[in-house]
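J.: Please find one structure pasted underneath; my questions will follow.
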Amino acid sequence: MSKLWGGRFTKKPEEWVDEFNASISFDQQLVFEDIEGSIAHVTMLKKCSILSVKEADQILQGLHTLYDKALKQELDFSVEYEDIHLNLEKLLIDEIGEVGGKLHTGRSRNDQIATDMHLFLKRRVQEIIELIDELQEGIILQSEKNVETIIPGYTHLQRAQPISFAHHLMCYFWMLQRDKERLEDSLKRIDLSPLGAGALAGTTFPIDRAYSAELLGFGSYYENSLDAVSDRDFIVEFLSNGSILMTHLSRLAEEFILWSTEEFQFIELDDSFTTGSSIMPQKKNPDMAELVRGKTGRVNGNLISLLTVLKGLPLAYNKDMQEDKEGMFDTVKTVVGSLKIFNGMVRTMTVKQKRMKEAVSNDFSNATELADYLAAKGVPFRQAHEIVGKLVLHCIGEGYYLKDVPLEEYQQHSPLIEEDIYSILEPYAAVERRNSYGGTGFQQVKTQIDKGKSLLKSKEAATK
Ligand code: ARG
């Protein structure tokens, strides 16, 4: 076998050098995008009379045959032909003869690979956006069932104030909403055709870049041929968006792991998303949540890898850029998998409402209620804070909570405290009263859920 670029060489690289150079082991994932790019290219060459109708039709037919074979996984790729582009070109020539060699007229692998990546990423980002929608919907379903479920809210992982469990969950809805908006915005920069930029400088053939872009469904095309083949910002941006998204999922993973411990017992993850121990028969481990938390590491790594690859690269294409692929494939796979896992976990988990209620009845997370109570009666907040702080210290000494303090004792600390304090201290009432815009008050949480639902619905309507 001889290389498709073998003309000016007197020697071939040894097999192990080929092995080092080749990307076919991973870029074969681009097989469909690569064939589609070629079909658009040849259709354009035909329209512009750069290839005769007969030649173009022969090539197109060959490309369709390769596409069908790819669907049936019948294509044999080899390291000898380095990457997906040269492998397919070789297979095309084998299929239809010498005329296959005309496919590469007015094109380079440099604009070809960039085109493949744009097409591939556009599709995957659209899939990821849909998966985020599904997870958001799962969060809404769980939230609707738990508007009046009270849990301790934490700061510094110390109990702070009681909140609605739905409020806590809905926080992740909004984080995911931002992730989705970032991905949607990035589509503008992904949905761009580099095809026709050639190796770096354009081509002498009278091509029609707008036409091939349109055939591929791209919204637009690059203004500068150097930029078209050198730009990998759209991948960096995706990797960055993926890292932020995984950071959000990783935070939720951590909460699920904590909440399902014996110490918290706030939720139980469904059996189908947990595993057992090979030695300890009692164990139910939150492996899926842990894996999402752990896989965030590789996704962050993929971002740093590509930034490092690109840093200091001169224009235009350099082989270093072949290193843009594995990380991108990996981030796509990891993000898709993690979103699916979370969608399933959120929808199937058991929320232990009774246990959450118990937790919040025996703590000091209602201390702010007492301070606000005094402040509302005219005591400067700072002074109210001090009075309640002393009361908490007293309770800790006595071994009870604010709800157990006798009225006489309260009045020794402040004569302004009256019988109504006991209902004020109720965690349910404390949450209900926090009705400031965006607060945890039930009314606010319901409004938030309705907003979330209409965001998902209006999108659904827009895509119909
Ligand atoms: N396999 C190459 C890559 O992924 C394709 C482009 C190769 N271009 C070249 N001039 N060697 O980057």
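Letters for chains follow the order of the structure tokens (A, B, ...), residue numbers begin at 1 for each chain, and ligand numbers begin at 1 in the order shown.
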Apply DSSP to the backbone of this structure and, from range 213-395 of chain A, keep only the residues in helix (DSSP H, G or I); write these as an MDAnalysis selection string.
T.: chainID A and resid 213:215 225:230 233:259 271:273 287:310 319:348 353:361 367:376 381:395
J.: Report as CSV the residues of chain A within 9 Å of ligand 1, each with its shortest atom pair and distance in Å (one decimal), using only C-alpha atoms and all ligand atoms, ordered by chain and increasing residue number.
T.:
residue,atom,partner,partner_atom_place_in_ligand_line,distance
A:Asn21,CA,ligand 1,1 (N),8.5
A:Ala22,CA,ligand 1,1 (N),7.1
A:Ser23,CA,ligand 1,1 (N),5.6
A:Ile24,CA,ligand 1,1 (N),7.7
A:Asp27,CA,ligand 1,4 (O),7.1
A:Glu82,CA,ligand 1,1 (N),7.1
A:Asp83,CA,ligand 1,1 (N),5.0
A:Ile84,CA,ligand 1,1 (N),7.1
A:His85,CA,ligand 1,5 (C),7.2
A:Leu86,CA,ligand 1,1 (N),8.7
A:Ser108,CA,ligand 1,8 (N),7.5
A:Arg109,CA,ligand 1,6 (C),4.7
A:Asn110,CA,ligand 1,6 (C),4.8
A:Asp111,CA,ligand 1,6 (C),8.0
A:Gln112,CA,ligand 1,6 (C),7.4
A:Ile113,CA,ligand 1,5 (C),5.4
A:Ala114,CA,ligand 1,12 (O),8.2
A:Ala199,CA,ligand 1,10 (N),7.3
A:Tyr317,CA,ligand 1,10 (N),6.7
A:Asn318,CA,ligand 1,10 (N),7.1
A:Lys319,CA,ligand 1,12 (O),5.7
A:Asp320,CA,ligand 1,12 (O),7.3
A:Met321,CA,ligand 1,12 (O),5.2
A:Gln322,CA,ligand 1,12 (O),3.5
A:Glu323,CA,ligand 1,4 (O),7.2
A:Asp324,CA,ligand 1,4 (O),7.6
A:Lys325,CA,ligand 1,4 (O),7.2
J.: If you count only C-alpha atoms, which residues fall within 10 Å of range 406-411 of chain A, apart from same-chain ones fewer than 4 positions away, as a PDB file with all heavy atoms, in the first residue's frame?
T.:
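The new file part36.pdb reads:
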ATOM      1  N   ILE A 387     -28.738  39.126  72.291  1.00  0.00           N
ATOM      2  CA  ILE A 387     -29.678  38.506  73.244  1.00  0.00           C
ATOM      3  C   ILE A 387     -29.892  37.038  72.866  1.00  0.00           C
ATOM      4  O   ILE A 387     -29.808  36.139  73.714  1.00  0.00           O
ATOM      5  CB  ILE A 387     -31.047  39.264  73.239  1.00  0.00           C
ATOM      6  CG1 ILE A 387     -30.857  40.689  73.751  1.00  0.00           C
ATOM      7  CG2 ILE A 387     -32.090  38.503  74.046  1.00  0.00           C
ATOM      8  CD1 ILE A 387     -32.076  41.601  73.572  1.00  0.00           C
ATOM      9  N   VAL A 388     -30.140  36.799  71.567  1.00  0.00           N
ATOM     10  CA  VAL A 388     -30.420  35.426  71.129  1.00  0.00           C
ATOM     11  C   VAL A 388     -29.168  34.553  71.254  1.00  0.00           C
ATOM     12  O   VAL A 388     -29.255  33.389  71.655  1.00  0.00           O
ATOM     13  CB  VAL A 388     -30.991  35.404  69.691  1.00  0.00           C
ATOM     14  CG1 VAL A 388     -31.283  33.972  69.248  1.00  0.00           C
ATOM     15  CG2 VAL A 388     -32.251  36.246  69.587  1.00  0.00           C
ATOM     16  N   LEU A 391     -29.021  33.418  74.668  1.00  0.00           N
ATOM     17  CA  LEU A 391     -30.050  32.400  74.911  1.00  0.00           C
ATOM     18  C   LEU A 391     -29.633  31.038  74.366  1.00  0.00           C
ATOM     19  O   LEU A 391     -29.837  30.010  75.008  1.00  0.00           O
ATOM     20  CB  LEU A 391     -31.355  32.832  74.228  1.00  0.00           C
ATOM     21  CG  LEU A 391     -32.391  33.495  75.127  1.00  0.00           C
ATOM     22  CD1 LEU A 391     -33.401  34.273  74.297  1.00  0.00           C
ATOM     23  CD2 LEU A 391     -33.096  32.438  75.971  1.00  0.00           C
ATOM     24  N   LEU A 402     -34.580  26.202  71.563  1.00  0.00           N
ATOM     25  CA  LEU A 402     -35.318  27.454  71.807  1.00  0.00           C
ATOM     26  C   LEU A 402     -36.802  27.209  72.065  1.00  0.00           C
ATOM     27  O   LEU A 402     -37.426  27.900  72.861  1.00  0.00           O
ATOM     28  CB  LEU A 402     -35.144  28.405  70.605  1.00  0.00           C
ATOM     29  CG  LEU A 402     -33.736  29.021  70.467  1.00  0.00           C
ATOM     30  CD1 LEU A 402     -33.616  29.793  69.154  1.00  0.00           C
ATOM     31  CD2 LEU A 402     -33.408  29.950  71.641  1.00  0.00           C
ATOM     32  N   PRO A 415     -37.978  41.418  78.030  1.00  0.00           N
ATOM     33  CA  PRO A 415     -39.401  41.503  78.402  1.00  0.00           C
ATOM     34  C   PRO A 415     -40.302  41.598  77.174  1.00  0.00           C
ATOM     35  O   PRO A 415     -41.512  41.412  77.278  1.00  0.00           O
ATOM     36  CB  PRO A 415     -39.473  42.784  79.244  1.00  0.00           C
ATOM     37  CG  PRO A 415     -38.227  43.545  78.942  1.00  0.00           C
ATOM     38  CD  PRO A 415     -37.189  42.571  78.495  1.00  0.00           C
ATOM     39  N   LEU A 416     -39.706  41.864  76.011  1.00  0.00           N
ATOM     40  CA  LEU A 416     -40.524  41.992  74.790  1.00  0.00           C
ATOM     41  C   LEU A 416     -41.004  40.639  74.256  1.00  0.00           C
ATOM     42  O   LEU A 416     -41.881  40.563  73.409  1.00  0.00           O
ATOM     43  CB  LEU A 416     -39.710  42.691  73.682  1.00  0.00           C
ATOM     44  CG  LEU A 416     -39.369  44.157  73.928  1.00  0.00           C
ATOM     45  CD1 LEU A 416     -38.393  44.659  72.887  1.00  0.00           C
ATOM     46  CD2 LEU A 416     -40.655  44.992  73.895  1.00  0.00           C
ATOM     47  N   ILE A 417     -40.397  39.561  74.776  1.00  0.00           N
ATOM     48  CA  ILE A 417     -40.780  38.234  74.264  1.00  0.00           C
ATOM     49  C   ILE A 417     -42.081  37.793  74.924  1.00  0.00           C
ATOM     50  O   ILE A 417     -42.209  37.788  76.154  1.00  0.00           O
ATOM     51  CB  ILE A 417     -39.660  37.198  74.515  1.00  0.00           C
ATOM     52  CG1 ILE A 417     -38.346  37.684  73.869  1.00  0.00           C
ATOM     53  CG2 ILE A 417     -40.058  35.816  73.959  1.00  0.00           C
ATOM     54  CD1 ILE A 417     -37.158  36.778  74.068  1.00  0.00           C
ATOM     55  N   GLU A 418     -43.045  37.438  74.062  1.00  0.00           N
ATOM     56  CA  GLU A 418     -44.355  37.032  74.581  1.00  0.00           C
ATOM     57  C   GLU A 418     -44.705  35.619  74.132  1.00  0.00           C
ATOM     58  O   GLU A 418     -43.967  34.992  73.363  1.00  0.00           O
ATOM     59  CB  GLU A 418     -45.413  38.032  74.094  1.00  0.00           C
ATOM     60  CG  GLU A 418     -45.210  39.415  74.732  1.00  0.00           C
ATOM     61  CD  GLU A 418     -46.157  40.447  74.138  1.00  0.00           C
ATOM     62  OE1 GLU A 418     -47.294  40.504  74.619  1.00  0.00           O
ATOM     63  OE2 GLU A 418     -45.742  41.161  73.198  1.00  0.00           O
ATOM     64  N   GLU A 419     -45.854  35.163  74.582  1.00  0.00           N
ATOM     65  CA  GLU A 419     -46.330  33.798  74.321  1.00  0.00           C
ATOM     66  C   GLU A 419     -46.279  33.399  72.828  1.00  0.00           C
ATOM     67  O   GLU A 419     -46.013  32.244  72.470  1.00  0.00           O
ATOM     68  CB  GLU A 419     -47.775  33.706  74.851  1.00  0.00           C
ATOM     69  CG  GLU A 419     -48.395  32.316  74.838  1.00  0.00           C
ATOM     70  CD  GLU A 419     -47.746  31.332  75.818  1.00  0.00           C
ATOM     71  OE1 GLU A 419     -47.399  31.738  76.945  1.00  0.00           O
ATOM     72  OE2 GLU A 419     -47.566  30.155  75.423  1.00  0.00           O
ATOM     73  N   ASP A 420     -46.530  34.386  71.968  1.00  0.00           N
ATOM     74  CA  ASP A 420     -46.565  34.077  70.519  1.00  0.00           C
ATOM     75  C   ASP A 420     -45.221  33.597  69.961  1.00  0.00           C
ATOM     76  O   ASP A 420     -45.150  33.107  68.832  1.00  0.00           O
ATOM     77  CB  ASP A 420     -47.066  35.291  69.717  1.00  0.00           C
ATOM     78  CG  ASP A 420     -46.151  36.498  69.871  1.00  0.00           C
ATOM     79  OD1 ASP A 420     -45.298  36.497  70.808  1.00  0.00           O
ATOM     80  OD2 ASP A 420     -46.277  37.439  69.054  1.00  0.00           O
ATOM     81  N   ILE A 421     -44.177  33.710  70.747  1.00  0.00           N
ATOM     82  CA  ILE A 421     -42.853  33.330  70.239  1.00  0.00           C
ATOM     83  C   ILE A 421     -42.814  31.847  69.825  1.00  0.00           C
ATOM     84  O   ILE A 421     -42.123  31.469  68.880  1.00  0.00           O
ATOM     85  CB  ILE A 421     -41.722  33.636  71.266  1.00  0.00           C
ATOM     86  CG1 ILE A 421     -40.349  33.465  70.606  1.00  0.00           C
ATOM     87  CG2 ILE A 421     -41.816  32.770  72.516  1.00  0.00           C
ATOM     88  CD1 ILE A 421     -40.110  34.308  69.401  1.00  0.00           C
ATOM     89  N   TYR A 422     -43.606  31.004  70.552  1.00  0.00           N
ATOM     90  CA  TYR A 422     -43.528  29.562  70.267  1.00  0.00           C
ATOM     91  C   TYR A 422     -44.013  29.226  68.858  1.00  0.00           C
ATOM     92  O   TYR A 422     -43.446  28.362  68.192  1.00  0.00           O
ATOM     93  CB  TYR A 422     -44.275  28.766  71.337  1.00  0.00           C
ATOM     94  CG  TYR A 422     -43.613  28.959  72.694  1.00  0.00           C
ATOM     95  CD1 TYR A 422     -44.172  29.808  73.639  1.00  0.00           C
ATOM     96  CD2 TYR A 422     -42.390  28.343  72.984  1.00  0.00           C
ATOM     97  CE1 TYR A 422     -43.550  30.021  74.861  1.00  0.00           C
ATOM     98  CE2 TYR A 422     -41.756  28.563  74.202  1.00  0.00           C
ATOM     99  CZ  TYR A 422     -42.337  29.397  75.137  1.00  0.00           C
ATOM    100  OH  TYR A 422     -41.710  29.616  76.312  1.00  0.00           O
TER     101      TYR A 422
END
